[in-house]
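Enquirer: Structure incoming, see below.
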Amino acid sequence: RDLHLSLRRQRQMCIRDRYLNITLKDDEGWKLDVYENGFVEFYELNYDKRVVGRNVTHERVIQMWRMMQEGKRDELKKLLKKKPEPDQA
């Protein structure tokens, strides 16, 4: 249990070290936090688990925003978990 808490604190500190550029929200309470350097978090406040993406391009953020508006949350989660193309990294 202590290991879990220390990992969680480490993750929180890592996120705090980044600058939040924008938070996108949909009508159902889901949020997409877009940080500098292509770091993205997708979550809902009442749902503890967050999906994190790294090296996310601006084009992909726009694609995710459209998916949020269309209610395609599961597809958005899959997109975040997908590794970036070699030329996008």
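Ordering of the structure tokens sets the chain letters (A, B, ...); residue numbers start at 1 within each chain; ligands are numbered from 1 in the order shown.
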For segment 52-68 of chain A, work out the shell of residues within 6 Å, counting only C-alpha atoms and skipping chain neighbours fewer than 4 positions away, then give it as a list in words.
Expert: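 The residues satisfying every condition are Gly38, Phe39, Val40, Glu41, Lys72, Leu76 and Leu80 of chain A.
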Enquirer: Could you write out the selected residues, including N, CA, C and O atoms, as an mmCIF file, in the first residue's frame?
Expert:
data_model
loop_
_atom_site.group_PDB
_atom_site.id
_atom_site.type_symbol
_atom_site.label_atom_id
_atom_site.label_comp_id
_atom_site.auth_asym_id
_atom_site.auth_seq_id
_atom_site.Cartn_x
_atom_site.Cartn_y
_atom_site.Cartn_z
ATOM 1 N N GLY A 38 3.051 18.034 -25.117
ATOM 2 C CA GLY A 38 2.235 16.949 -25.633
ATOM 3 C C GLY A 38 1.697 15.973 -24.607
ATOM 4 O O GLY A 38 1.266 14.882 -24.946
ATOM 5 N N PHE A 39 1.671 16.337 -23.336
ATOM 6 C CA PHE A 39 1.126 15.479 -22.283
ATOM 7 C C PHE A 39 -0.374 15.753 -22.160
ATOM 8 O O PHE A 39 -0.792 16.901 -22.074
ATOM 9 N N VAL A 40 -1.208 14.686 -22.161
ATOM 10 C CA VAL A 40 -2.662 14.831 -22.128
ATOM 11 C C VAL A 40 -3.252 13.854 -21.115
ATOM 12 O O VAL A 40 -2.792 12.719 -21.001
ATOM 13 N N GLU A 41 -4.270 14.311 -20.366
ATOM 14 C CA GLU A 41 -5.015 13.448 -19.431
ATOM 15 C C GLU A 41 -6.492 13.529 -19.768
ATOM 16 O O GLU A 41 -7.030 14.614 -19.957
ATOM 17 N N LYS A 72 -17.718 9.835 -28.129
ATOM 18 C CA LYS A 72 -16.899 8.662 -28.455
ATOM 19 C C LYS A 72 -15.754 8.513 -27.454
ATOM 20 O O LYS A 72 -14.583 8.493 -27.811
ATOM 21 N N LEU A 76 -11.706 7.538 -27.883
ATOM 22 C CA LEU A 76 -10.708 8.508 -27.453
ATOM 23 C C LEU A 76 -9.677 7.842 -26.542
ATOM 24 O O LEU A 76 -8.479 8.066 -26.680
ATOM 25 N N LEU A 80 -5.618 7.541 -27.151
ATOM 26 C CA LEU A 80 -4.589 7.988 -26.209
ATOM 27 C C LEU A 80 -3.602 6.874 -25.879
ATOM 28 O O LEU A 80 -2.419 7.134 -25.689
#
Enquirer: Determine the nearest neighbour of Glu36 of chain A from the options A:Tyr19, A:Glu75, A:Leu24, A:Asp48, counting only C-alpha atoms.
Expert: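 Of A:Tyr19, A:Glu75, A:Leu24, A:Asp48, the one nearest Glu36 of chain A, counting only C-alpha atoms, is A:Tyr19.
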